[in-house]
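Here the structure is laid out as structure tokens; the discussion comes afterwards.
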Amino acid sequence: MSKNRRNYGKMPLTKGIEMASVYSVKECGQRARHIVLSPENRIITEEFLKIVNMKDKFALHDVPVPNKIMMFGPPGTGKTLTAFHLAHELELPLVTVRLDALIHAHLGETGSNVRKIFEYARMEPCVLFMDEFDAVARTRDNNDEVKEMARVVNTLLQCLDEFPEHCIFIAATNLETELDNAIWRRFDTKMIYGNPAFELRLEYIARLCGDFPRQQGLDQWAAEWMDGCSYADIEQIILKAKRKAIIDDMPMSQLLIEMSFHEYRPYHLLVAERV
């Protein structure tokens, strides 16, 4: 474990180390160094950061500062990176929740674990990030385990209502339409994610490649070639191409990108093949 990362084993939380990891500001910056946001999400994040950093001025006017963000969209489109980016910009540690450890088969344990996570986050300023949020915030109307999930959602609602202004809560989901309406209304900031357009792919590829030797014009060509790919797809394809270039002791080329693309097989191509 990195020396910059704390863990719940040192804190008064019985199962914390199993349920979450805490990343330092430095680690958040490293993870988010290549982030590329859509114009809409860039405006939202910039305004959010300005408001949080002006909280004293807002307090003078009795205007509450937003501290809950909902991110929704397909996998690999930058939701988690945005959480790391915001934590770094706010100079706060990021607490990421492991839902596989949070959700428990025994009745009542899941709700108890949700409360423990929020109670820990309240202890000091931080950014609390919960991915796959629908697993604990799904609507109470259409679940087979209605009573148990209703208790979990009720606990979650209480935790959100009690969450202090000095902390930030970020939730991410691919299934936003399945969230409970009462949960949805608790979020003052919402961000929509999707696969990047050409200009954003080009910018992301340029950041990923950096000073790595490559054919002239490769960034432009690759951005066109990888139409329909998510940021996660692009990152894995570029990394594969870099490895091939290093093995062959040659600049990255269109051929290496094509080979890496077909080896990786982006999800949208697999879906198209099955239709």
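Following the order of the structure tokens, first chain is A, next is B, and so on, with residues numbered from 1 inside each chain and ligands from 1 in the order they appear.
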key: Selection: 7 Å around range 38-52 of chain A, only C-alpha atoms, excl. self and same-chain fewer than 2 positions, as a list in words   = Val36, Met54, Lys55, Val65 and Met191 of chain A
query = Using only C-alpha atoms, which of the listed residues (A:Pro213, A:Gly29, A:Gly73, A:Gly228) sits closest to Leu86 in chain A?
reply =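 For Leu86 in chain A, the nearest of the candidates is A:Gly29.
The gap separating CA of Arg33 in chain A from CA of Leu218 in chain A is 21.5 Å, in Å to one decimal.
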task = Write out as a list in words each polymer residue whose atoms come within 10 Å of Arg201 in chain A, counting only C-alpha atoms; drop sequence neighbours fewer than 4 positions from it.
result =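 Using only C-alpha atoms, the neighbours found are Val36, Asn195, Pro196, Ala197, Ile205, Ala206, Arg207, Asp219, Gln220, Ala222, Ala223, Glu224, Met226, Asp227, Gly228, Cys229, Ser230, Tyr231 and Ile234 of chain A.
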Resulting file, chosen residues, C-alpha atoms, as a short mmCIF file (atom, residue, chain, number, x, y, z; two decimals), in the first residue's frame:
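Output file out29.cif is given in full below:
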```cif
data_model
loop_
_atom_site.label_atom_id
_atom_site.label_comp_id
_atom_site.auth_asym_id
_atom_site.auth_seq_id
_atom_site.Cartn_x
_atom_site.Cartn_y
_atom_site.Cartn_z
CA VAL A 36 -10.55 15.18 -20.76
CA ASN A 195 -18.40 8.29 -25.50
CA PRO A 196 -16.17 11.18 -26.61
CA ALA A 197 -16.62 13.06 -29.88
CA ILE A 205 -4.93 10.54 -27.46
CA ALA A 206 -2.46 13.46 -27.53
CA ARG A 207 -2.32 13.42 -23.72
CA ASP A 219 -3.09 11.28 -33.34
CA GLN A 220 -5.54 12.57 -35.96
CA ALA A 222 -6.23 7.31 -34.43
CA ALA A 223 -8.97 9.68 -33.28
CA GLU A 224 -10.89 8.95 -36.47
CA MET A 226 -11.45 4.88 -32.75
CA ASP A 227 -14.87 6.41 -33.37
CA GLY A 228 -17.38 4.95 -30.90
CA CYS A 229 -14.74 4.07 -28.30
CA SER A 230 -14.91 5.16 -24.67
CA TYR A 231 -12.00 6.83 -22.90
CA ILE A 234 -8.80 4.41 -26.07
#
```
query = Near range 168-181 of chain A, within 8 Å and counting only C-alpha atoms, which residues show up once chain neighbours fewer than 5 positions away are dropped, as a list in words?
reply =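 These residues fall inside the cut-off: Asn67, Lys68, Ile69, Met70, Met71, Phe72, Gly73, Pro74, Pro75, Lys79, Thr80, Ala83, Pro125, Cys126, Val127, Leu128, Phe129, Met130, Asp131, Glu132, Phe133, Asp134, Ala137, Arg138, Thr139, Arg140 and Val153 of chain A.
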request  = May I ask for the distance between CA of Asp233 in chain A and CA of Ala101 in chain A, given in Å to one decimal place?
outcome  = 27.1 Å
message = DSSP on the backbone, strand (DSSP E or B) only: what residues of range 48-242 of chain A does that give? Format it as a list in words.
response = Lys68, Ile69, Met70, Met71, Phe72, Leu94, Val95, Thr96, Val97, Val127, Leu128, Phe129, Met130, Arg138, Ile168, Phe169, Ile170, Ala171, Ala172, Thr173, Leu179, Thr189, Lys190, Met191, Ile192 and Arg214 of chain A
request  = Could you pull out the residues in range 18-144 of chain A that DSSP calls alpha helix (DSSP H) from the backbone, as a ChimeraX atom specification?
outcome  = /A:18-19,25-31,39-53,55-60,79-90,99-102,109-121,134-137
key: Of the listed residues A:Pro266, A:Ile117, A:Phe58, A:Tyr23, that which approaches Leu99 in chain A most closely, counting only C-alpha atoms   =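 So, comparing all the options, the nearest one is A:Ile117.
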request  = Find the residues near range 157-161 of chain A: any atom within 7 Å, counting only C-alpha atoms, skip ones fewer than 2 places away on the same chain, and give them as a PyMOL selection string.
outcome  = chain A and resi 115+118+153-155+163+183
